[in-house]
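This is structure_33.pdb. It holds PDB, C-alpha atoms.
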ATOM      1  CA  MET E   1     142.500 120.127  74.609
ATOM      2  CA  ALA E   2     140.126 117.865  76.516
ATOM      3  CA  VAL E   3     140.680 114.182  77.220
ATOM      4  CA  THR E   4     137.501 112.319  76.351
ATOM      5  CA  PHE E   5     136.028 108.950  75.578
ATOM      6  CA  GLN E   6     132.848 107.826  73.841
ATOM      7  CA  LEU E   7     131.473 104.334  74.266
ATOM      8  CA  ILE E   8     128.337 102.383  73.510
ATOM      9  CA  MET E   9     126.936 100.888  76.708
ATOM     10  CA  SER E  10     124.053  98.521  77.381
ATOM     11  CA  LEU E  11     121.433  99.758  79.851
ATOM     12  CA  ASP E  12     122.873  97.336  82.417
ATOM     13  CA  GLY E  13     126.310  98.931  82.122
ATOM     14  CA  TYR E  14     128.284  96.623  79.822
ATOM     15  CA  VAL E  15     130.596  97.930  77.111
ATOM     16  CA  ALA E  16     131.513  94.458  75.870
ATOM     17  CA  GLY E  17     129.773  91.102  76.003
ATOM     18  CA  PRO E  18     131.319  87.915  77.420
ATOM     19  CA  ASP E  19     133.767  85.747  75.446
ATOM     20  CA  GLN E  20     135.400  88.435  73.296
ATOM     21  CA  SER E  21     137.409  86.937  70.434
ATOM     22  CA  VAL E  22     138.912  87.893  67.082
ATOM     23  CA  GLU E  23     135.724  86.639  65.404
ATOM     24  CA  ASP E  24     133.470  88.384  67.938
ATOM     25  CA  PRO E  25     135.451  91.423  69.169
ATOM     26  CA  LEU E  26     132.414  93.002  70.851
ATOM     27  CA  GLY E  27     131.665  89.826  72.837
ATOM     28  CA  VAL E  28     128.500  87.750  72.747
ATOM     29  CA  GLY E  29     125.292  89.777  72.388
ATOM     30  CA  MET E  30     126.913  93.236  72.254
ATOM     31  CA  THR E  31     126.168  93.635  68.528
ATOM     32  CA  ARG E  32     122.544  94.294  69.562
ATOM     33  CA  ALA E  33     123.711  97.431  71.383
ATOM     34  CA  PHE E  34     125.276  98.662  68.107
ATOM     35  CA  ALA E  35     122.102  98.171  66.004
ATOM     36  CA  TRP E  36     121.293 101.923  65.890
ATOM     37  CA  PHE E  37     124.901 102.697  64.891
ATOM     38  CA  PHE E  38     125.143 100.218  62.001
ATOM     39  CA  GLU E  39     121.981 101.766  60.520
ATOM     40  CA  LEU E  40     123.542 105.219  60.289
ATOM     41  CA  GLU E  41     124.591 106.756  57.001
ATOM     42  CA  VAL E  42     127.562 108.327  58.798
ATOM     43  CA  TRP E  43     128.878 104.837  59.669
ATOM     44  CA  ARG E  44     127.992 103.211  56.345
ATOM     45  CA  ARG E  45     129.740 105.931  54.353
ATOM     46  CA  VAL E  46     133.046 105.156  56.105
ATOM     47  CA  GLN E  47     132.546 101.471  55.235
ATOM     48  CA  GLY E  48     131.805 102.328  51.594
ATOM     49  CA  ILE E  49     128.171 101.227  51.897
ATOM     50  CA  GLN E  50     125.436 103.257  50.234
ATOM     51  CA  GLY E  51     122.379 104.615  52.077
ATOM     52  CA  GLY E  52     121.578 104.528  55.751
ATOM     53  CA  GLU E  53     119.743 106.693  58.240
ATOM     54  CA  VAL E  54     120.339 110.308  59.099
ATOM     55  CA  ASN E  55     118.832 111.130  62.487
ATOM     56  CA  GLU E  56     119.599 112.723  65.884
ATOM     57  CA  SER E  57     122.620 110.416  66.299
ATOM     58  CA  THR E  58     124.326 111.759  63.177
ATOM     59  CA  ALA E  59     125.359 115.098  64.641
ATOM     60  CA  VAL E  60     126.542 113.439  67.866
ATOM     61  CA  ILE E  61     128.855 111.106  65.922
ATOM     62  CA  GLU E  62     130.124 113.769  63.518
ATOM     63  CA  GLU E  63     130.742 116.342  66.224
ATOM     64  CA  ALA E  64     132.714 113.837  68.288
ATOM     65  CA  ARG E  65     134.908 112.829  65.358
ATOM     66  CA  ALA E  66     135.538 116.407  64.285
ATOM     67  CA  ASN E  67     137.118 117.395  67.600
ATOM     68  CA  VAL E  68     139.551 114.508  67.930
ATOM     69  CA  GLY E  69     143.248 115.242  67.252
ATOM     70  CA  ALA E  70     144.708 111.934  68.491
ATOM     71  CA  TYR E  71     143.574 108.585  69.861
ATOM     72  CA  VAL E  72     144.979 106.502  72.709
ATOM     73  CA  MET E  73     144.247 102.833  72.265
ATOM     74  CA  GLY E  74     144.968  99.914  74.597
ATOM     75  CA  ARG E  75     147.070  97.065  73.235
ATOM     76  CA  ASN E  76     144.225  94.541  73.236
ATOM     77  CA  MET E  77     142.019  96.842  71.175
ATOM     78  CA  PHE E  78     144.849  97.437  68.736
ATOM     79  CA  GLY E  79     145.116  93.682  68.297
ATOM     80  CA  GLY E  80     148.292  92.821  70.190
ATOM     81  CA  GLY E  81     146.802  91.098  73.213
ATOM     82  CA  HIS E  82     146.704  92.360  76.785
ATOM     83  CA  GLY E  83     149.779  93.916  78.360
ATOM     84  CA  PRO E  84     151.216  96.911  80.229
ATOM     85  CA  TRP E  85     151.997 100.356  78.801
ATOM     86  CA  PRO E  86     155.654 100.777  77.675
ATOM     87  CA  ASP E  87     156.004 103.949  79.764
ATOM     88  CA  GLY E  88     152.681 104.151  81.616
ATOM     89  CA  THR E  89     149.297 105.694  80.888
ATOM     90  CA  ARG E  90     150.445 109.252  81.485
ATOM     91  CA  SER E  91     153.327 108.988  79.017
ATOM     92  CA  ALA E  92     150.985 107.656  76.327
ATOM     93  CA  LEU E  93     148.655 110.553  77.029
ATOM     94  CA  ASP E  94     151.502 113.088  76.846
ATOM     95  CA  GLU E  95     152.472 111.825  73.409
ATOM     96  CA  ALA E  96     148.855 111.936  72.242
ATOM     97  CA  GLN E  97     148.413 115.477  73.556
ATOM     98  CA  GLN E  98     151.491 116.645  71.670
ATOM     99  CA  ALA E  99     150.151 115.065  68.501
ATOM    100  CA  ALA E 100     146.658 116.515  69.038
ATOM    101  CA  GLY E 101     147.795 120.102  69.538
ATOM    102  CA  ASP E 102     144.723 122.119  70.511
ATOM    103  CA  ARG E 103     142.290 119.357  69.620
ATOM    104  CA  ASP E 104     140.935 116.616  71.897
ATOM    105  CA  VAL E 105     142.597 113.357  72.823
ATOM    106  CA  ARG E 106     140.178 110.466  72.636
ATOM    107  CA  ILE E 107     140.749 107.379  74.779
ATOM    108  CA  ALA E 108     139.457 104.915  72.195
ATOM    109  CA  GLY E 109     139.288 101.907  74.503
ATOM    110  CA  GLY E 110     138.994  99.150  75.398
ATOM    111  CA  ALA E 111     137.120  99.319  78.649
ATOM    112  CA  ASP E 112     140.139  98.456  80.767
ATOM    113  CA  THR E 113     142.134 101.304  79.229
ATOM    114  CA  VAL E 114     139.287 103.758  79.832
ATOM    115  CA  ARG E 115     139.037 102.603  83.444
ATOM    116  CA  GLN E 116     142.759 103.212  83.983
ATOM    117  CA  TYR E 117     142.471 106.793  82.742
ATOM    118  CA  LEU E 118     139.311 107.370  84.797
ATOM    119  CA  ARG E 119     140.974 106.026  87.931
ATOM    120  CA  GLU E 120     143.938 108.328  87.467
ATOM    121  CA  GLY E 121     141.717 111.361  87.061
ATOM    122  CA  LEU E 122     142.948 112.076  83.529
ATOM    123  CA  VAL E 123     139.556 112.233  81.766
ATOM    124  CA  ASP E 124     137.714 115.549  81.363
ATOM    125  CA  GLU E 125     134.500 114.572  79.617
ATOM    126  CA  PHE E 126     132.806 111.513  78.147
ATOM    127  CA  GLU E 127     129.759 110.411  76.198
ATOM    128  CA  LEU E 128     127.894 107.146  76.665
ATOM    129  CA  SER E 129     125.488 105.968  74.012
ATOM    130  CA  VAL E 130     123.070 103.910  76.094
ATOM    131  CA  ALA E 131     121.344 101.198  74.082
ATOM    132  CA  PRO E 132     118.039  99.546  75.092
ATOM    133  CA  VAL E 133     119.726  96.212  75.688
ATOM    134  CA  LEU E 134     120.275  94.087  78.794
ATOM    135  CA  LEU E 135     123.351  91.917  78.293
ATOM    136  CA  GLY E 136     123.441  90.291  81.722
ATOM    137  CA  ASP E 137     127.127  89.456  81.398
ATOM    138  CA  GLY E 138     130.346  90.882  79.988
ATOM    139  CA  GLU E 139     132.673  93.751  80.825
ATOM    140  CA  ARG E 140     131.279  96.611  82.892
ATOM    141  CA  LEU E 141     132.635 100.101  82.312
ATOM    142  CA  PHE E 142     132.218 101.440  85.848
ATOM    143  CA  GLU E 143     133.999  98.909  88.044
ATOM    144  CA  ASN E 144     136.790 100.017  90.373
ATOM    145  CA  VAL E 145     137.132 103.500  88.906
ATOM    146  CA  GLY E 146     137.395 105.175  92.311
ATOM    147  CA  ASP E 147     135.553 108.288  93.455
ATOM    148  CA  VAL E 148     134.613 110.093  90.237
ATOM    149  CA  ARG E 149     132.329 113.147  90.504
ATOM    150  CA  LEU E 150     130.129 113.846  87.497
ATOM    151  CA  GLU E 151     128.108 116.686  86.079
ATOM    152  CA  GLN E 152     125.517 115.984  83.399
ATOM    153  CA  VAL E 153     126.237 118.058  80.294
ATOM    154  CA  ARG E 154     123.458 116.958  77.965
ATOM    155  CA  ALA E 155     121.260 114.100  76.806
ATOM    156  CA  VAL E 156     120.257 113.491  73.194
ATOM    157  CA  ALA E 157     117.449 111.040  72.448
ATOM    158  CA  ALA E 158     117.730 109.277  69.080
ATOM    159  CA  PRO E 159     116.124 106.195  67.515
ATOM    160  CA  GLY E 160     117.283 103.142  69.472
ATOM    161  CA  VAL E 161     119.758 104.976  71.707
ATOM    162  CA  THR E 162     120.267 107.910  74.084
ATOM    163  CA  HIS E 163     123.544 109.813  74.138
ATOM    164  CA  LEU E 164     124.500 110.982  77.633
ATOM    165  CA  ARG E 165     127.392 113.365  78.100
ATOM    166  CA  TYR E 166     129.137 114.051  81.415
ATOM    167  CA  ARG E 167     131.915 116.312  82.640
ATOM    168  CA  ILE E 168     134.199 115.081  85.396
ATOM    169  CA  GLY E 169     134.537 117.353  88.427
ATOM    170  CA  ARG E 170     137.873 117.953  90.096
TER     171      ARG E 170
ATOM    172  CA  MET O 171      96.267  98.741  82.658
ATOM    173  CA  ALA O 172     100.036  98.590  82.344
ATOM    174  CA  VAL O 173     102.389  97.235  84.989
ATOM    175  CA  THR O 174     105.213  99.707  85.446
ATOM    176  CA  PHE O 175     108.011 100.820  87.716
ATOM    177  CA  GLN O 176     109.963 104.038  88.048
ATOM    178  CA  LEU O 177     113.279 104.174  89.859
ATOM    179  CA  ILE O 178     116.186 106.529  90.340
ATOM    180  CA  MET O 179     119.410 104.849  89.238
ATOM    181  CA  SER O 180     123.054 105.918  89.426
ATOM    182  CA  LEU O 181     124.949 105.927  86.138
ATOM    183  CA  ASP O 182     126.731 102.767  87.269
ATOM    184  CA  GLY O 183     123.424 100.947  87.699
ATOM    185  CA  TYR O 184     122.707 101.095  91.429
ATOM    186  CA  VAL O 185     119.221 101.786  92.820
ATOM    187  CA  ALA O 186     120.396 101.669  96.446
ATOM    188  CA  GLY O 187     123.725 102.263  98.117
ATOM    189  CA  PRO O 188     125.448  99.792 100.448
ATOM    190  CA  ASP O 189     124.474  99.382 104.136
ATOM    191  CA  GLN O 190     120.782 100.276 103.912
ATOM    192  CA  SER O 191     119.271 100.913 107.341
ATOM    193  CA  VAL O 192     116.262 102.558 108.959
ATOM    194  CA  GLU O 193     118.360 105.721 109.381
ATOM    195  CA  ASP O 194     119.712 105.528 105.835
ATOM    196  CA  PRO O 195     117.021 103.717 103.793
ATOM    197  CA  LEU O 196     118.622 104.642 100.450
ATOM    198  CA  GLY O 197     122.002 103.223 101.496
ATOM    199  CA  VAL O 198     125.301 105.096 101.723
ATOM    200  CA  GLY O 199     125.806 107.708  99.010
ATOM    201  CA  MET O 200     122.506 107.213  97.196
ATOM    202  CA  THR O 201     121.095 110.536  98.461
ATOM    203  CA  ARG O 202     123.372 112.202  95.876
ATOM    204  CA  ALA O 203     121.398 110.495  93.120
ATOM    205  CA  PHE O 204     118.204 112.093  94.515
ATOM    206  CA  ALA O 205     119.600 115.650  94.583
ATOM    207  CA  TRP O 206     117.604 116.745  91.483
ATOM    208  CA  PHE O 207     114.436 115.254  92.978
ATOM    209  CA  PHE O 208     114.649 116.937  96.370
ATOM    210  CA  GLU O 209     114.964 120.302  94.596
ATOM    211  CA  LEU O 210     111.642 119.897  92.816
ATOM    212  CA  GLU O 211     108.564 121.871  93.780
ATOM    213  CA  VAL O 212     106.461 118.793  92.976
ATOM    214  CA  TRP O 213     108.289 116.838  95.721
ATOM    215  CA  ARG O 214     108.467 119.682  98.219
ATOM    216  CA  ARG O 215     104.754 120.382  97.956
ATOM    217  CA  VAL O 216     103.956 116.809  99.089
ATOM    218  CA  GLN O 217     106.290 117.325 102.067
ATOM    219  CA  GLY O 218     104.638 120.623 102.934
ATOM    220  CA  ILE O 219     107.745 122.627 102.035
ATOM    221  CA  GLN O 220     107.418 125.915 100.169
ATOM    222  CA  GLY O 221     109.223 126.716  96.928
ATOM    223  CA  GLY O 222     111.346 124.474  94.772
ATOM    224  CA  GLU O 223     112.161 124.097  91.117
ATOM    225  CA  VAL O 224     109.796 123.524  88.224
ATOM    226  CA  ASN O 225     111.655 122.078  85.259
ATOM    227  CA  GLU O 226     111.620 119.241  82.695
ATOM    228  CA  SER O 227     111.415 116.667  85.509
ATOM    229  CA  THR O 228     108.127 118.057  86.825
ATOM    230  CA  ALA O 229     105.932 116.723  84.032
ATOM    231  CA  VAL O 230     107.668 113.327  84.153
ATOM    232  CA  ILE O 231     106.904 112.967  87.874
ATOM    233  CA  GLU O 232     103.346 114.283  87.655
ATOM    234  CA  GLU O 233     102.461 112.193  84.629
ATOM    235  CA  ALA O 234     103.744 109.031  86.306
ATOM    236  CA  ARG O 235     101.766 109.676  89.492
ATOM    237  CA  ALA O 236      98.570 110.522  87.626
ATOM    238  CA  ASN O 237      98.374 107.148  85.902
ATOM    239  CA  VAL O 238      98.871 104.939  88.959
ATOM    240  CA  GLY O 239      95.819 103.131  90.352
ATOM    241  CA  ALA O 240      97.604 100.835  92.810
ATOM    242  CA  TYR O 241     101.090 100.109  94.135
ATOM    243  CA  VAL O 242     102.797  96.813  94.852
ATOM    244  CA  MET O 243     105.458  97.154  97.506
ATOM    245  CA  GLY O 244     107.918  94.571  98.838
ATOM    246  CA  ARG O 245     107.874  93.858 102.541
ATOM    247  CA  ASN O 246     111.306  95.371 103.185
ATOM    248  CA  MET O 247     110.286  98.656 101.569
ATOM    249  CA  PHE O 248     107.079  98.720 103.579
ATOM    250  CA  GLY O 249     109.171  98.409 106.706
ATOM    251  CA  GLY O 250     108.573  94.817 107.775
ATOM    252  CA  GLY O 251     111.939  93.304 106.886
ATOM    253  CA  HIS O 252     112.692  90.847 104.116
ATOM    254  CA  GLY O 253     110.434  87.877 103.498
ATOM    255  CA  PRO O 254     108.396  85.917 100.954
ATOM    256  CA  TRP O 255     105.049  86.920  99.455
ATOM    257  CA  PRO O 256     102.034  85.429 101.281
ATOM    258  CA  ASP O 257     100.626  84.023  98.009
ATOM    259  CA  GLY O 258     103.336  84.841  95.457
ATOM    260  CA  THR O 259     104.133  87.784  93.224
ATOM    261  CA  ARG O 260     101.350  87.049  90.757
ATOM    262  CA  SER O 261      98.664  86.986  93.422
ATOM    263  CA  ALA O 262      99.852  90.358  94.777
ATOM    264  CA  LEU O 263      99.723  91.725  91.247
ATOM    265  CA  ASP O 264      96.207  90.323  90.681
ATOM    266  CA  GLU O 265      94.949  92.104  93.779
ATOM    267  CA  ALA O 266      96.629  95.333  92.723
ATOM    268  CA  GLN O 267      95.152  95.092  89.226
ATOM    269  CA  GLN O 268      91.670  94.643  90.634
ATOM    270  CA  ALA O 269      92.171  97.673  92.843
ATOM    271  CA  ALA O 270      93.624  99.741  89.975
ATOM    272  CA  GLY O 271      90.786  99.094  87.520
ATOM    273  CA  ASP O 272      91.794 100.618  84.205
ATOM    274  CA  ARG O 273      94.749 102.520  85.667
ATOM    275  CA  ASP O 274      98.360 101.347  85.967
ATOM    276  CA  VAL O 275      99.848  99.162  88.660
ATOM    277  CA  ARG O 276     103.158 100.500  89.871
ATOM    278  CA  ILE O 277     105.747  98.153  91.320
ATOM    279  CA  ALA O 278     107.044 100.596  93.903
ATOM    280  CA  GLY O 279     110.123  98.599  94.920
ATOM    281  CA  GLY O 280     112.472  97.771  96.383
ATOM    282  CA  ALA O 281     114.940  96.574  93.815
ATOM    283  CA  ASP O 282     114.517  92.910  94.707
ATOM    284  CA  THR O 283     110.763  93.121  94.219
ATOM    285  CA  VAL O 284     111.189  94.845  90.850
ATOM    286  CA  ARG O 285     113.659  92.153  89.782
ATOM    287  CA  GLN O 286     111.181  89.414  90.669
ATOM    288  CA  TYR O 287     108.481  90.982  88.495
ATOM    289  CA  LEU O 288     110.963  91.582  85.654
ATOM    290  CA  ARG O 289     112.150  87.973  85.792
ATOM    291  CA  GLU O 290     108.591  86.682  85.602
ATOM    292  CA  GLY O 291     107.829  88.840  82.570
ATOM    293  CA  LEU O 292     105.079  90.756  84.364
ATOM    294  CA  VAL O 293     106.327  94.310  83.669
ATOM    295  CA  ASP O 294     105.143  96.247  80.592
ATOM    296  CA  GLU O 295     107.032  99.509  80.809
ATOM    297  CA  PHE O 296     109.452 101.326  83.115
ATOM    298  CA  GLU O 297     111.216 104.629  83.597
ATOM    299  CA  LEU O 298     114.709 105.069  84.998
ATOM    300  CA  SER O 299     115.843 108.463  86.172
ATOM    301  CA  VAL O 300     119.594 108.225  85.616
ATOM    302  CA  ALA O 301     121.570 110.504  87.918
ATOM    303  CA  PRO O 302     125.147 111.681  87.221
ATOM    304  CA  VAL O 303     126.521 109.707  90.138
ATOM    305  CA  LEU O 304     128.911 106.736  90.399
ATOM    306  CA  LEU O 305     128.193 104.832  93.615
ATOM    307  CA  GLY O 306     130.666 102.005  93.123
ATOM    308  CA  ASP O 307     128.770  99.723  95.486
ATOM    309  CA  GLY O 308     125.231  98.875  96.523
ATOM    310  CA  GLU O 309     122.270  97.116  94.972
ATOM    311  CA  ARG O 310     122.158  96.855  91.185
ATOM    312  CA  LEU O 311     118.791  96.848  89.456
ATOM    313  CA  PHE O 312     119.703  94.645  86.491
ATOM    314  CA  GLU O 313     121.179  91.516  88.032
ATOM    315  CA  ASN O 314     119.730  88.109  87.224
ATOM    316  CA  VAL O 315     116.617  89.422  85.517
ATOM    317  CA  GLY O 316     116.811  86.920  82.652
ATOM    318  CA  ASP O 317     116.442  87.675  78.963
ATOM    319  CA  VAL O 318     114.467  90.927  78.837
ATOM    320  CA  ARG O 319     114.000  92.606  75.435
ATOM    321  CA  LEU O 320     113.627  96.375  75.491
ATOM    322  CA  GLU O 321     112.426  99.118  73.208
ATOM    323  CA  GLN O 322     113.350 102.721  73.973
ATOM    324  CA  VAL O 323     110.207 104.840  74.303
ATOM    325  CA  ARG O 324     111.651 108.248  75.096
ATOM    326  CA  ALA O 325     114.379 110.171  76.875
ATOM    327  CA  VAL O 326     113.856 113.451  78.716
ATOM    328  CA  ALA O 327     116.878 115.525  79.714
ATOM    329  CA  ALA O 328     116.407 117.630  82.843
ATOM    330  CA  PRO O 329     118.736 119.453  85.243
ATOM    331  CA  GLY O 330     120.865 116.843  87.034
ATOM    332  CA  VAL O 331     119.073 113.797  85.603
ATOM    333  CA  THR O 332     117.875 112.070  82.439
ATOM    334  CA  HIS O 333     114.606 110.132  82.401
ATOM    335  CA  LEU O 334     114.750 107.045  80.179
ATOM    336  CA  ARG O 335     111.572 105.122  79.405
ATOM    337  CA  TYR O 336     111.491 101.590  77.978
ATOM    338  CA  ARG O 337     108.808  99.163  76.874
ATOM    339  CA  ILE O 338     109.388  95.450  77.383
ATOM    340  CA  GLY O 339     109.011  93.261  74.307
ATOM    341  CA  ARG O 340     107.219  89.929  74.445
TER     342      ARG O 340
END
What do you get writing this file as structure tokens?
Amino acid sequence: MAVTFQLIMSLDGYVAGPDQSVEDPLGVGMTRAFAWFFELEVWRRVQGIQGGEVNESTAVIEEARANVGAYVMGRNMFGGGHGPWPDGTRSALDEAQQAAGDRDVRIAGGADTVRQYLREGLVDEFELSVAPVLLGDGERLFENVGDVRLEQVRAVAAPGVTHLRYRIGR
Amino acid sequence: MAVTFQLIMSLDGYVAGPDQSVEDPLGVGMTRAFAWFFELEVWRRVQGIQGGEVNESTAVIEEARANVGAYVMGRNMFGGGHGPWPDGTRSALDEAQQAAGDRDVRIAGGADTVRQYLREGLVDEFELSVAPVLLGDGERLFENVGDVRLEQVRAVAAPGVTHLRYRIGR
């Protein structure tokens, strides 16, 4: 039912490094912010890799995945380059909500897509996994998102990351 | 022994709002990021106000205060307007360390002073109290601080705020 997003963010607010490319889709330096994630058994299993860590992050990742009924993904993230929505953000969301039924719609990204949905007041809740990394450059999540009022829902400390969840006030 | 700082930061990375003035020293909007703090008994007691909340933030605040032997404060925060250090940042720190003995030196602020000490690699550890607020404008803490490597020490969730502590790698 809820519209959500979940992103990994550096402590200085970046969700992608500079110079994103096909070879380096996260942008320069951002891989460091994913270090905790690539260690997880829950990630490695999906990649067909044996082993990995099970820790406080595991439940956060599994719980998030379990609730998602449909994803909305910007064109650039999907691999087709930047560009407008065929029928606008709200139409894409409507389609996703129909597909999701009573489960959540996840705005998968990228950052620009998330910002559009934030700006239009269409997001209900989100989780940021804040990594102990200062990137110094790249794409900031919270830039021109308008007046968004937040309520802290929870914080989960895990090795190499803290998961912060917020609800958006109306 | 350690050189530390502790600041309240909005989720979008600001430690002060825009248009700081004598009447509004935190800058426009930043008071919202202090809401959890002004509710605390540990803050109210110092102001001579009765009552207030005791929660997970209380120990974080008390622990931080207990360890401090001396403060370093930038001129603007002290009330004298912007300006250079009489003998440089390192000399101010030397004096503070002598005064502190075997206790910590706290870089009290403002943001520009903290950034100078970060850039020069003189900070050992810091705590950010991240408030569920998006300011959208103001003074960012992590701007031009150079290549700082961090290790997450702990995260404490409390009503209306999460306290994140980091150690700086060498």
**Message:** Residues of chain O were defined as contacting chain E if any atom lay at most 12 Å from it, counting only C-alpha atoms; please report them as JSON, numbers by chain.
**Reply:** {"O": [179, 180, 181, 182, 183, 184, 185, 199, 202, 203, 206, 288, 296, 297, 298, 300, 301, 302, 303, 304, 305, 306, 307, 310, 311, 312, 313, 314, 315, 316, 317, 318, 319, 320, 321, 322, 323, 324, 325, 326, 327, 328, 329, 330, 331, 332, 333, 334, 335, 336, 337, 338, 339]}
**Message:** Please report the interatomic distance between CA of Ile231 in chain O and CA of Ala172 in chain O in Å with one decimal.
**Reply:**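 Distance reported for this atom pair: 16.9 Å.
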Result set of the PyMOL selection byres ((chain O and resi 258-272) around 9) on the coordinates above, as a PDB file with C-alpha atoms, in the coordinates of the input:
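Generated file (out_23.pdb):
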ATOM      1  CA  MET O 171      96.267  98.741  82.658  1.00  0.00           C
ATOM      2  CA  ALA O 172     100.036  98.590  82.344  1.00  0.00           C
ATOM      3  CA  VAL O 173     102.389  97.235  84.989  1.00  0.00           C
ATOM      4  CA  VAL O 238      98.871 104.939  88.959  1.00  0.00           C
ATOM      5  CA  GLY O 239      95.819 103.131  90.352  1.00  0.00           C
ATOM      6  CA  ALA O 240      97.604 100.835  92.810  1.00  0.00           C
ATOM      7  CA  TYR O 241     101.090 100.109  94.135  1.00  0.00           C
ATOM      8  CA  VAL O 242     102.797  96.813  94.852  1.00  0.00           C
ATOM      9  CA  PRO O 254     108.396  85.917 100.954  1.00  0.00           C
ATOM     10  CA  TRP O 255     105.049  86.920  99.455  1.00  0.00           C
ATOM     11  CA  PRO O 256     102.034  85.429 101.281  1.00  0.00           C
ATOM     12  CA  ASP O 257     100.626  84.023  98.009  1.00  0.00           C
ATOM     13  CA  ARG O 273      94.749 102.520  85.667  1.00  0.00           C
ATOM     14  CA  ASP O 274      98.360 101.347  85.967  1.00  0.00           C
ATOM     15  CA  VAL O 275      99.848  99.162  88.660  1.00  0.00           C
ATOM     16  CA  ARG O 276     103.158 100.500  89.871  1.00  0.00           C
ATOM     17  CA  ILE O 277     105.747  98.153  91.320  1.00  0.00           C
ATOM     18  CA  THR O 283     110.763  93.121  94.219  1.00  0.00           C
ATOM     19  CA  GLN O 286     111.181  89.414  90.669  1.00  0.00           C
ATOM     20  CA  TYR O 287     108.481  90.982  88.495  1.00  0.00           C
ATOM     21  CA  GLU O 290     108.591  86.682  85.602  1.00  0.00           C
ATOM     22  CA  LEU O 292     105.079  90.756  84.364  1.00  0.00           C
TER      23      LEU O 292
END
**Asked** So how many Å separate CA of Gly279 in chain O and CA of Glu309 in chain O, to one decimal?
**Response** 12.2 Å
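The two atoms in question, CA of Asp112 in chain E and CA of Ser21 in chain E, are spaced 15.7 Å apart.
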**Hits of the PyMOL selection byres ((chain O and resi 223) around 6) in this structure, as a ChimeraX atom specification** = /O:209-211,222,224
**Prompt:** Hey, can you pull every residue with an atom no more than 6 Å from (112.7, 109.1, 88.9), using all atoms listed in the file, and send it as a PyMOL selection string?
**Reply:** chain O and resi 176-178+298-299
**Item:** Nearest to Ala59 in chain E, chosen from E:Gly17, E:Val42, E:Gly74, E:Gln47, with only C-alpha atoms counted in the distances
**Value:**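 Of all the options, E:Val42 lies closest to Ala59 in chain E.
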**Asked** If you apply the PyMOL selection byres ((chain O and resi 188) around 6) to this file, what residues do you get, as a ChimeraX atom specification?
**Response** /O:187,189-190,197-198,307-308
For the residues selected in the previous step, produce a file with C-alpha atoms as a PDB file, in the frame of the given file.
ATOM      1  CA  GLY O 187     123.725 102.263  98.117  1.00  0.00           C
ATOM      2  CA  ASP O 189     124.474  99.382 104.136  1.00  0.00           C
ATOM      3  CA  GLN O 190     120.782 100.276 103.912  1.00  0.00           C
ATOM      4  CA  GLY O 197     122.002 103.223 101.496  1.00  0.00           C
ATOM      5  CA  VAL O 198     125.301 105.096 101.723  1.00  0.00           C
ATOM      6  CA  ASP O 307     128.770  99.723  95.486  1.00  0.00           C
ATOM      7  CA  GLY O 308     125.231  98.875  96.523  1.00  0.00           C
TER       8      GLY O 308
END
